[in-house]
>>> print(open('start25.tsv').read())   # TSV, C-alpha atoms
chain	number	residue	atom	x	y	z
A	1	MET	CA	58.53	97.12	133.16
A	2	GLY	CA	58.66	96.61	136.92
A	3	ALA	CA	55.91	99.04	137.99
A	4	SER	CA	52.87	97.68	139.79
A	5	ALA	CA	49.45	97.95	138.19
A	6	SER	CA	48.32	100.48	140.80
A	7	LEU	CA	51.30	102.76	140.22
A	8	ALA	CA	50.93	102.44	136.45
A	9	ALA	CA	47.27	103.48	136.78
A	10	LEU	CA	48.25	106.39	139.03
A	11	ALA	CA	50.87	107.55	136.52
A	12	LEU	CA	48.32	107.32	133.71
A	13	VAL	CA	45.82	109.42	135.64
A	14	ALA	CA	48.55	111.98	136.33
A	15	VAL	CA	49.46	112.25	132.64
A	16	LEU	CA	45.81	112.47	131.61
A	17	SER	CA	45.37	115.37	134.03
A	18	SER	CA	47.58	117.51	131.78
A	19	ARG	CA	45.86	120.47	130.18
A	20	TRP	CA	47.09	119.19	126.83
A	21	ALA	CA	45.08	115.99	127.18
A	22	GLY	CA	41.85	117.98	127.23
A	23	TYR	CA	43.19	120.22	124.49
A	24	ALA	CA	43.87	117.26	122.21
A	25	ALA	CA	40.55	115.58	122.96
A	26	GLY	CA	38.43	118.71	122.64
A	27	LEU	CA	39.70	120.20	119.38
A	28	PRO	CA	38.35	119.12	115.99
A	29	LEU	CA	41.82	117.88	115.05
A	30	THR	CA	43.30	114.42	114.76
A	31	ASP	CA	45.68	114.85	117.72
A	32	SER	CA	43.87	112.32	119.91
A	33	LEU	CA	43.91	109.76	117.09
A	34	TYR	CA	47.60	110.38	116.48
A	35	LEU	CA	48.30	110.07	120.20
A	36	LEU	CA	46.66	106.65	120.01
A	37	VAL	CA	49.07	105.75	117.20
A	38	PHE	CA	52.02	106.76	119.40
A	39	GLY	CA	50.63	104.73	122.28
A	40	LEU	CA	50.13	101.64	120.13
A	41	SER	CA	53.61	102.00	118.65
A	42	TYR	CA	55.34	102.31	122.01
A	43	TYR	CA	53.30	99.47	123.47
A	44	ALA	CA	54.31	97.21	120.58
A	45	ALA	CA	57.98	98.16	120.93
A	46	ARG	CA	57.98	97.38	124.65
A	47	ARG	CA	55.77	94.28	124.54
A	48	GLY	CA	57.36	92.62	121.53
A	49	ALA	CA	55.90	89.21	120.69
A	50	GLY	CA	52.14	89.20	121.01
A	51	ALA	CA	51.73	92.90	120.14
A	52	GLY	CA	51.59	92.52	116.37
A	53	TRP	CA	47.99	93.72	116.40
A	54	ALA	CA	49.17	97.06	117.83
A	55	VAL	CA	51.67	97.49	114.98
A	56	VAL	CA	48.97	96.67	112.42
A	57	LEU	CA	46.57	99.23	113.90
A	58	ALA	CA	49.29	101.89	114.09
A	59	LEU	CA	50.23	101.34	110.43
A	60	LEU	CA	46.60	101.36	109.31
A	61	VAL	CA	45.59	104.49	111.24
A	62	GLY	CA	48.89	106.40	111.26
A	63	PRO	CA	48.85	107.61	107.63
A	64	LEU	CA	45.25	108.79	108.08
A	65	ALA	CA	45.92	110.53	111.39
A	66	LYS	CA	48.73	112.86	110.31
A	67	GLU	CA	51.13	113.40	107.43
A	68	SER	CA	53.92	113.62	110.01
A	69	PHE	CA	53.48	109.90	110.64
A	70	VAL	CA	56.28	109.63	108.11
A	71	PHE	CA	58.68	110.59	110.93
A	72	LEU	CA	57.35	107.94	113.31
A	73	LEU	CA	57.31	105.24	110.64
A	74	PRO	CA	61.07	104.45	110.63
A	75	TRP	CA	61.03	104.18	114.42
A	76	LEU	CA	58.05	101.82	114.35
A	77	ALA	CA	59.52	99.75	111.54
A	78	TRP	CA	62.71	99.15	113.53
A	79	PHE	CA	61.53	98.81	117.10
A	80	GLY	CA	58.29	97.09	116.10
A	81	ARG	CA	60.12	94.16	114.46
A	82	PRO	CA	59.89	91.85	117.50
A	83	ALA	CA	56.11	92.32	117.45
A	84	LEU	CA	55.62	92.10	113.68
A	85	GLY	CA	58.15	91.36	110.96
A	86	TRP	CA	58.80	93.67	108.06
A	87	ARG	CA	56.64	91.67	105.64
A	88	GLY	CA	53.64	92.03	107.90
A	89	GLN	CA	54.45	95.69	108.45
A	90	ALA	CA	54.69	96.31	104.70
A	91	LEU	CA	51.28	94.73	104.13
A	92	ALA	CA	49.64	96.76	106.91
A	93	LEU	CA	51.31	99.96	105.71
A	94	GLY	CA	50.17	99.29	102.15
A	95	LEU	CA	46.57	99.04	103.35
A	96	GLY	CA	46.99	102.21	105.39
A	97	LEU	CA	48.36	104.14	102.41
A	98	ALA	CA	45.56	102.83	100.20
A	99	ALA	CA	43.02	104.07	102.75
A	100	LEU	CA	44.81	107.43	102.86
A	101	ALA	CA	44.73	107.76	99.07
A	102	ALA	CA	41.03	106.89	98.99
A	103	VAL	CA	40.17	109.42	101.70
A	104	HIS	CA	42.23	112.18	100.04
A	105	PHE	CA	40.62	111.46	96.69
A	106	TRP	CA	37.13	111.65	98.19
A	107	VAL	CA	37.84	114.83	100.20
A	108	ASP	CA	39.58	116.62	97.32
A	109	LYS	CA	36.75	115.71	94.96
A	110	ALA	CA	34.08	116.85	97.41
A	111	ALA	CA	35.91	120.11	98.17
A	112	GLY	CA	36.97	120.75	94.60
A	113	ALA	CA	40.59	121.12	95.70
A	114	GLU	CA	43.68	120.05	93.82
A	115	ALA	CA	45.39	116.88	95.00
A	116	SER	CA	48.69	118.75	95.37
A	117	ALA	CA	47.22	121.21	97.89
A	118	SER	CA	47.64	118.86	100.86
A	119	VAL	CA	51.22	118.09	99.84
A	120	ALA	CA	52.05	121.79	99.62
A	121	ASN	CA	50.50	122.33	103.04
A	122	ALA	CA	52.63	119.56	104.53
A	123	PHE	CA	55.87	121.05	103.18
A	124	SER	CA	54.88	124.52	104.39
A	125	HIS	CA	55.53	123.33	107.95
A	126	LEU	CA	59.26	123.53	107.24
A	127	GLU	CA	58.90	127.28	107.66
A	128	ASN	CA	58.16	126.72	111.36
A	129	LEU	CA	61.63	125.40	112.21
A	130	ALA	CA	63.32	128.71	113.00
A	131	TYR	CA	60.24	130.02	114.84
A	132	SER	CA	59.95	126.86	116.96
A	133	LEU	CA	63.63	126.92	117.91
A	134	ARG	CA	63.44	130.55	119.04
A	135	ARG	CA	60.28	129.90	120.98
A	136	ALA	CA	61.56	126.73	122.66
A	137	PHE	CA	64.45	128.66	124.23
A	138	SER	CA	62.34	131.64	125.28
A	139	PRO	CA	60.85	131.91	128.80
A	140	LYS	CA	57.34	131.52	127.39
A	141	GLY	CA	58.34	128.48	125.37
A	142	MET	CA	60.05	126.83	128.33
A	143	ALA	CA	56.95	127.45	130.43
A	144	GLU	CA	54.83	125.82	127.74
A	145	LEU	CA	57.13	122.79	127.65
A	146	PHE	CA	56.99	122.55	131.44
A	147	SER	CA	53.20	122.70	131.33
A	148	ILE	CA	53.03	119.46	129.34
A	149	PHE	CA	53.43	117.32	132.47
A	150	GLY	CA	53.72	120.06	135.08
A	151	LEU	CA	55.07	119.22	138.52
A	152	PHE	CA	55.29	115.54	137.59
A	153	TRP	CA	58.51	116.42	135.78
A	154	GLY	CA	59.94	116.89	139.27
A	155	LEU	CA	59.31	113.29	140.33
A	156	LEU	CA	61.14	112.08	137.26
A	157	LEU	CA	64.06	114.44	137.87
A	158	VAL	CA	64.35	113.33	141.49
A	159	ALA	CA	64.71	109.72	140.35
A	160	LEU	CA	67.19	110.65	137.63
A	161	ALA	CA	69.33	112.54	140.13
A	162	ARG	CA	70.07	109.41	142.18
A	163	PRO	CA	72.02	106.33	141.01
A	164	ALA	CA	69.39	103.99	142.44
A	165	GLY	CA	66.68	106.02	140.74
A	166	ARG	CA	68.44	105.76	137.40
A	167	ARG	CA	68.68	102.00	137.85
A	168	ALA	CA	64.95	101.89	138.51
A	169	LEU	CA	64.36	103.89	135.33
A	170	ALA	CA	66.74	101.76	133.26
A	171	PRO	CA	63.90	99.95	131.41
A	172	VAL	CA	62.79	103.26	129.85
A	173	LEU	CA	66.23	104.76	129.27
A	174	GLY	CA	67.03	102.75	126.17
A	175	TRP	CA	67.48	103.47	122.48
A	176	ALA	CA	63.76	103.07	121.84
A	177	GLU	CA	62.85	105.87	124.24
A	178	GLY	CA	65.75	108.12	123.28
A	179	SER	CA	65.01	107.92	119.58
A	180	LEU	CA	61.29	108.41	120.21
A	181	VAL	CA	62.12	111.64	122.04
A	182	VAL	CA	63.92	112.75	118.87
A	183	VAL	CA	60.84	111.86	116.78
A	184	VAL	CA	58.65	113.94	119.10
A	185	ALA	CA	61.14	116.82	118.90
A	186	VAL	CA	60.86	116.78	115.10
A	187	HIS	CA	57.07	116.97	115.36
A	188	LEU	CA	57.39	119.77	117.89
A	189	LEU	CA	59.71	121.87	115.75
A	190	LEU	CA	57.73	121.42	112.55
A	191	SER	CA	54.41	122.21	114.19
A	192	GLY	CA	55.32	125.28	116.23
A	193	ASP	CA	52.86	124.16	118.94
A	194	LEU	CA	55.34	123.09	121.59
A	195	GLY	CA	52.92	121.84	124.22
A	196	ARG	CA	50.48	120.25	121.83
A	197	MET	CA	53.09	118.19	120.00
A	198	GLY	CA	55.21	117.61	123.09
A	199	TYR	CA	52.30	115.72	124.64
A	200	LEU	CA	52.97	112.96	122.11
A	201	LEU	CA	55.65	111.87	124.57
A	202	ALA	CA	52.87	110.85	126.97
A	203	PRO	CA	53.29	107.05	126.54
A	204	VAL	CA	57.00	107.17	127.42
A	205	PHE	CA	56.49	109.68	130.24
A	206	THR	CA	53.72	107.54	131.75
A	207	ALA	CA	56.03	104.53	131.92
A	208	ALA	CA	58.87	106.62	133.36
A	209	LEU	CA	56.58	108.23	135.93
A	210	ALA	CA	55.26	104.84	137.06
A	211	LEU	CA	58.81	103.58	137.63
A	212	SER	CA	59.73	106.82	139.43
A	213	LEU	CA	56.75	106.43	141.75
A	214	GLY	CA	57.76	102.84	142.44
A	215	TRP	CA	61.29	103.88	143.32
A	216	LEU	CA	60.09	106.71	145.58
A	217	ARG	CA	57.71	104.34	147.35
A	218	ASN	CA	60.52	101.85	147.95
A	219	GLN	CA	62.74	104.63	149.30
A	220	PHE	CA	60.02	105.60	151.73
A	221	LEU	CA	59.52	101.99	152.87
A	222	VAL	CA	63.26	101.53	153.39
A	223	ALA	CA	63.40	104.72	155.46
A	224	GLU	CA	60.49	103.52	157.59
A	225	THR	CA	62.19	100.16	158.17
A	226	THR	CA	65.56	101.71	159.01
A	227	HIS	CA	64.16	104.38	161.34
A	228	PRO	CA	60.90	103.00	162.74
A	229	GLY	CA	58.81	105.31	164.86
A	230	GLU	CA	59.39	104.94	168.59
A	231	VAL	CA	56.80	105.27	171.30
A	232	ALA	CA	57.68	108.07	173.71
A	233	ARG	CA	58.66	106.82	177.16
A	234	PRO	CA	57.63	108.64	180.35
A	235	LYS	CA	60.38	110.59	182.05
A	236	LYS	CA	61.77	109.39	185.36
A	237	GLY	CA	60.26	110.92	188.42
A	238	THR	CA	56.83	111.36	186.88
A	239	ASP	CA	53.69	109.31	187.37
>>> encode(input="start25.tsv", output="structure tokens")
Amino acid sequence: MGASASLAALALVAVLSSRWAGYAAGLPLTDSLYLLVFGLSYYAARRGAGAGWAVVLALLVGPLAKESFVFLLPWLAWFGRPALGWRGQALALGLGLAALAAVHFWVDKAAGAEASASVANAFSHLENLAYSLRRAFSPKGMAELFSIFGLFWGLLLVALARPAGRRALAPVLGWAEGSLVVVVAVHLLLSGDLGRMGYLLAPVFTAALALSLGWLRNQFLVAETTHPGEVARPKKGTD
């Protein structure tokens, strides 16, 4: 995308320092697995040819990770085409759905629960829409959204505020990223956990942060070249 390996690594460390990274990894939920699915999907969309394996893994694991994968699926099907055609995607998705059905059958049988219980639970998340909207526009909700990536939002905003910065960020300001933000917003509103679900944007934010850091570094180097430091000269009349 134009960012050096060192800046990409620095951006990744910054994103992993978020409190929500530890939250996702430490809870007995499938958030970390689902975050992997998002990462694989975005990698495949950006890499294109040669990243078919990432699409296959995302389609195999996605249905098992979360029911809300249904919202990511259309995005992956469209933007993952350069990496893996629709026939290959359909085959991988079929295997993923078969694995999901087998796991649900085994869990429901072991727990003595009805098969429709998980479906009812999934649809119950629709009740969170109004609550999530109110919370997102409240001071507490805005603070929670800010906490996802903290002060690193500022570096991105600085780059976006300048024409040259926007040009540097052009590789991650396309339809793929914009529509993925919408997908994350749907997850966020249905869940009610703004920070937890908002962290699914981590793959896109990491790429954007790496490019922002690269632009800021170049700005600093240009400033140093234009106004190099001068050695102080002794005043006349002094030894």
>>> residues_around(input="start25.tsv", residues="A:Val15", least_positions_apart="4", cutoff="9 Å", atoms="all atoms listed in the file", output="list in words")
Leu10, Ala11, Ala21, Ile148, Phe149, Phe152, Ala202, Pro203, Phe205, Thr206 and Leu209 of chain A
>>> residues_around(input="start25.tsv", residues="A:Leu97", least_positions_apart="4", cutoff="9 Å", atoms="all atoms listed in the file", output="list in words")
Leu59, Leu60, Pro63, Leu64, Ala92, Leu93, Ala101 and Ala102 of chain A
>>> closest_residue(input="start25.tsv", among="A:Leu216, A:Ala136, A:Leu221, A:Ala130", to="A:Asp193", atoms="only C-alpha atoms")
A:Ala136
>>> residues_around(input="start25.tsv", residues="A:Pro171", least_positions_apart="5", cutoff="12 Å", atoms="all atoms listed in the file", output="short mmCIF file (atom, residue, chain, number, x, y, z; two decimals) with C-alpha atoms, keeping the file's coordinate frame")
data_model
loop_
_atom_site.label_atom_id
_atom_site.label_comp_id
_atom_site.auth_asym_id
_atom_site.auth_seq_id
_atom_site.Cartn_x
_atom_site.Cartn_y
_atom_site.Cartn_z
CA MET A 1 58.53 97.12 133.16
CA GLY A 2 58.66 96.61 136.92
CA ALA A 3 55.91 99.04 137.99
CA ARG A 46 57.98 97.38 124.65
CA GLY A 165 66.68 106.02 140.74
CA ARG A 166 68.44 105.76 137.40
CA ALA A 176 63.76 103.07 121.84
CA GLU A 177 62.85 105.87 124.24
CA GLY A 178 65.75 108.12 123.28
CA VAL A 204 57.00 107.17 127.42
CA ALA A 207 56.03 104.53 131.92
CA ALA A 208 58.87 106.62 133.36
CA LEU A 209 56.58 108.23 135.93
CA ALA A 210 55.26 104.84 137.06
CA LEU A 211 58.81 103.58 137.63
CA SER A 212 59.73 106.82 139.43
#
>>> closest_residue(input="start25.tsv", among="A:Phe69, A:Trp86, A:Trp175, A:Phe105", to="A:Phe38", atoms="only C-alpha atoms")
A:Phe69
>>> closest_residue(input="start25.tsv", among="A:Gly192, A:Gly62, A:Gly141, A:Gly48", to="A:Asn128", atoms="only C-alpha atoms")
A:Gly192
>>> closest_residue(input="start25.tsv", among="A:Leu190, A:Gly150, A:Arg167, A:Gln219", to="A:Ala14", atoms="all atoms listed in the file")
A:Gly150
>>> residues_around(input="start25.tsv", residues="A:Leu57", least_positions_apart="5", cutoff="12 Å", atoms="only C-alpha atoms", output="list in words")
Leu33, Tyr34, Leu36, Val37, Phe38, Gly39, Leu40, Ser41, Tyr43, Ala44, Ala51, Gly52, Gly62, Pro63, Leu64, Ala65, Leu76, Leu84, Gly88, Gln89, Leu91, Ala92, Leu93, Leu95 and Gly96 of chain A
>>> atom_distance(input="start25.tsv", atom1="atom CA of A:Ser32", atom2="atom CA of A:Tyr131")
24.6 Å
>>> residues_around(input="start25.tsv", residues="A:Ser132", least_positions_apart="6", cutoff="12 Å", atoms="all atoms listed in the file", output="list in words")
His125, Leu126, Ser138, Lys140, Gly141, Met142, Glu144, Leu145, Ala185, Val186, His187, Leu188, Leu189, Leu190, Ser191, Gly192, Asp193, Leu194, Gly195 and Met197 of chain A
>>> write_last_selection(input="start25.tsv", atoms="C-alpha atoms", output="PDB file, in the frame of the given file")
ATOM      1  CA  HIS A 125      55.530 123.330 107.950  1.00  0.00           C
ATOM      2  CA  LEU A 126      59.260 123.530 107.240  1.00  0.00           C
ATOM      3  CA  SER A 138      62.340 131.640 125.280  1.00  0.00           C
ATOM      4  CA  LYS A 140      57.340 131.520 127.390  1.00  0.00           C
ATOM      5  CA  GLY A 141      58.340 128.480 125.370  1.00  0.00           C
ATOM      6  CA  MET A 142      60.050 126.830 128.330  1.00  0.00           C
ATOM      7  CA  GLU A 144      54.830 125.820 127.740  1.00  0.00           C
ATOM      8  CA  LEU A 145      57.130 122.790 127.650  1.00  0.00           C
ATOM      9  CA  ALA A 185      61.140 116.820 118.900  1.00  0.00           C
ATOM     10  CA  VAL A 186      60.860 116.780 115.100  1.00  0.00           C
ATOM     11  CA  HIS A 187      57.070 116.970 115.360  1.00  0.00           C
ATOM     12  CA  LEU A 188      57.390 119.770 117.890  1.00  0.00           C
ATOM     13  CA  LEU A 189      59.710 121.870 115.750  1.00  0.00           C
ATOM     14  CA  LEU A 190      57.730 121.420 112.550  1.00  0.00           C
ATOM     15  CA  SER A 191      54.410 122.210 114.190  1.00  0.00           C
ATOM     16  CA  GLY A 192      55.320 125.280 116.230  1.00  0.00           C
ATOM     17  CA  ASP A 193      52.860 124.160 118.940  1.00  0.00           C
ATOM     18  CA  LEU A 194      55.340 123.090 121.590  1.00  0.00           C
ATOM     19  CA  GLY A 195      52.920 121.840 124.220  1.00  0.00           C
ATOM     20  CA  MET A 197      53.090 118.190 120.000  1.00  0.00           C
TER      21      MET A 197
END
>>> atom_distance(input="start25.tsv", atom1="atom CA of A:Val55", atom2="atom CA of A:Ala168")
27.4 Å
>>> closest_residue(input="start25.tsv", among="A:Leu157, A:Leu35, A:Ala98, A:Ala58", to="A:Leu201", atoms="all atoms listed in the file")
A:Leu35
>>> axis_aligned_box(input="start25.tsv", around="stretch 196-215 of chain A", padding_each_side="5 Å", output="JSON")
{"center_x": 55.9, "center_y": 111.5, "center_z": 131.7, "size_x": 20.8, "size_y": 27.4, "size_z": 33.3}
>>> closest_residue(input="start25.tsv", among="A:Ala25, A:Ala83, A:Ala223, A:Leu169", to="A:Gly50", atoms="all atoms listed in the file")
A:Ala83
>>> decode(input="start25.tsv", residues="stretch 43-138 of chain A", atoms="C-alpha atoms", output="tab-separated table (two decimals), in the first residue's frame")
chain	number	residue	atom	x	y	z
A	43	TYR	CA	-6.09	-8.85	3.38
A	44	ALA	CA	-7.65	-10.83	0.54
A	45	ALA	CA	-9.47	-7.78	-0.79
A	46	ARG	CA	-6.30	-5.69	-0.83
A	47	ARG	CA	-3.91	-8.41	-2.02
A	48	GLY	CA	-6.09	-9.85	-4.76
A	49	ALA	CA	-4.44	-12.64	-6.75
A	50	GLY	CA	-2.51	-14.99	-4.51
A	51	ALA	CA	-4.75	-14.45	-1.47
A	52	GLY	CA	-7.35	-17.08	-2.29
A	53	TRP	CA	-6.29	-19.06	0.77
A	54	ALA	CA	-7.34	-16.12	2.98
A	55	VAL	CA	-10.82	-16.08	1.41
A	56	VAL	CA	-11.15	-19.84	1.92
A	57	LEU	CA	-10.18	-19.58	5.60
A	58	ALA	CA	-12.53	-16.64	6.16
A	59	LEU	CA	-15.45	-18.53	4.59
A	60	LEU	CA	-14.67	-21.70	6.55
A	61	VAL	CA	-14.27	-20.00	9.93
A	62	GLY	CA	-16.65	-17.05	9.54
A	63	PRO	CA	-19.94	-18.94	9.95
A	64	LEU	CA	-18.56	-20.66	13.05
A	65	ALA	CA	-17.19	-17.45	14.58
A	66	LYS	CA	-20.39	-15.38	14.62
A	67	GLU	CA	-23.89	-15.38	13.19
A	68	SER	CA	-23.30	-11.77	12.15
A	69	PHE	CA	-20.85	-13.04	9.54
A	70	VAL	CA	-23.89	-12.86	7.29
A	71	PHE	CA	-23.29	-9.08	7.11
A	72	LEU	CA	-19.63	-9.45	6.15
A	73	LEU	CA	-20.33	-12.17	3.60
A	74	PRO	CA	-21.65	-9.92	0.77
A	75	TRP	CA	-18.64	-7.63	1.19
A	76	LEU	CA	-16.23	-10.56	1.04
A	77	ALA	CA	-18.01	-12.12	-1.92
A	78	TRP	CA	-17.66	-8.92	-3.94
A	79	PHE	CA	-14.27	-7.57	-2.96
A	80	GLY	CA	-12.75	-11.04	-2.60
A	81	ARG	CA	-13.40	-11.92	-6.26
A	82	PRO	CA	-9.90	-10.99	-7.48
A	83	ALA	CA	-8.47	-13.41	-4.91
A	84	LEU	CA	-10.99	-16.23	-5.39
A	85	GLY	CA	-13.82	-16.52	-7.89
A	86	TRP	CA	-17.41	-17.07	-6.89
A	87	ARG	CA	-17.31	-20.81	-7.61
A	88	GLY	CA	-14.43	-21.27	-5.21
A	89	GLN	CA	-16.13	-19.02	-2.69
A	90	ALA	CA	-19.36	-21.02	-2.93
A	91	LEU	CA	-17.51	-24.27	-2.29
A	92	ALA	CA	-15.65	-22.86	0.73
A	93	LEU	CA	-18.84	-21.32	2.11
A	94	GLY	CA	-20.69	-24.61	1.68
A	95	LEU	CA	-18.05	-26.37	3.76
A	96	GLY	CA	-18.21	-23.61	6.38
A	97	LEU	CA	-22.00	-23.87	6.64
A	98	ALA	CA	-21.78	-27.66	6.88
A	99	ALA	CA	-19.32	-27.30	9.75
A	100	LEU	CA	-21.65	-24.77	11.40
A	101	ALA	CA	-24.64	-27.12	11.11
A	102	ALA	CA	-22.62	-30.00	12.56
A	103	VAL	CA	-21.40	-27.93	15.51
A	104	HIS	CA	-24.89	-26.57	16.24
A	105	PHE	CA	-26.36	-30.06	16.08
A	106	TRP	CA	-23.75	-31.40	18.50
A	107	VAL	CA	-24.07	-28.46	20.93
A	108	ASP	CA	-27.89	-28.46	20.88
A	109	LYS	CA	-27.96	-32.21	21.44
A	110	ALA	CA	-25.46	-32.04	24.30
A	111	ALA	CA	-27.27	-29.12	25.95
A	112	GLY	CA	-30.75	-30.43	25.27
A	113	ALA	CA	-31.72	-27.15	23.63
A	114	GLU	CA	-34.01	-26.65	20.67
A	115	ALA	CA	-32.37	-25.90	17.34
A	116	SER	CA	-34.46	-22.75	16.97
A	117	ALA	CA	-33.08	-21.23	20.18
A	118	SER	CA	-29.90	-19.92	18.54
A	119	VAL	CA	-31.90	-18.43	15.67
A	120	ALA	CA	-34.22	-16.64	18.10
A	121	ASN	CA	-31.20	-15.31	19.98
A	122	ALA	CA	-29.71	-13.94	16.77
A	123	PHE	CA	-32.89	-12.06	15.85
A	124	SER	CA	-33.19	-10.68	19.38
A	125	HIS	CA	-30.23	-8.41	18.62
A	126	LEU	CA	-32.53	-6.26	16.49
A	127	GLU	CA	-33.85	-4.85	19.76
A	128	ASN	CA	-30.46	-3.21	20.33
A	129	LEU	CA	-30.75	-0.81	17.39
A	130	ALA	CA	-32.49	2.06	19.17
A	131	TYR	CA	-30.35	1.64	22.30
A	132	SER	CA	-27.11	1.62	20.29
A	133	LEU	CA	-28.07	4.74	18.34
A	134	ARG	CA	-28.87	6.67	21.52
A	135	ARG	CA	-25.68	5.52	23.16
A	136	ALA	CA	-23.47	6.29	20.15
A	137	PHE	CA	-24.50	9.96	20.25
A	138	SER	CA	-24.19	10.30	24.02
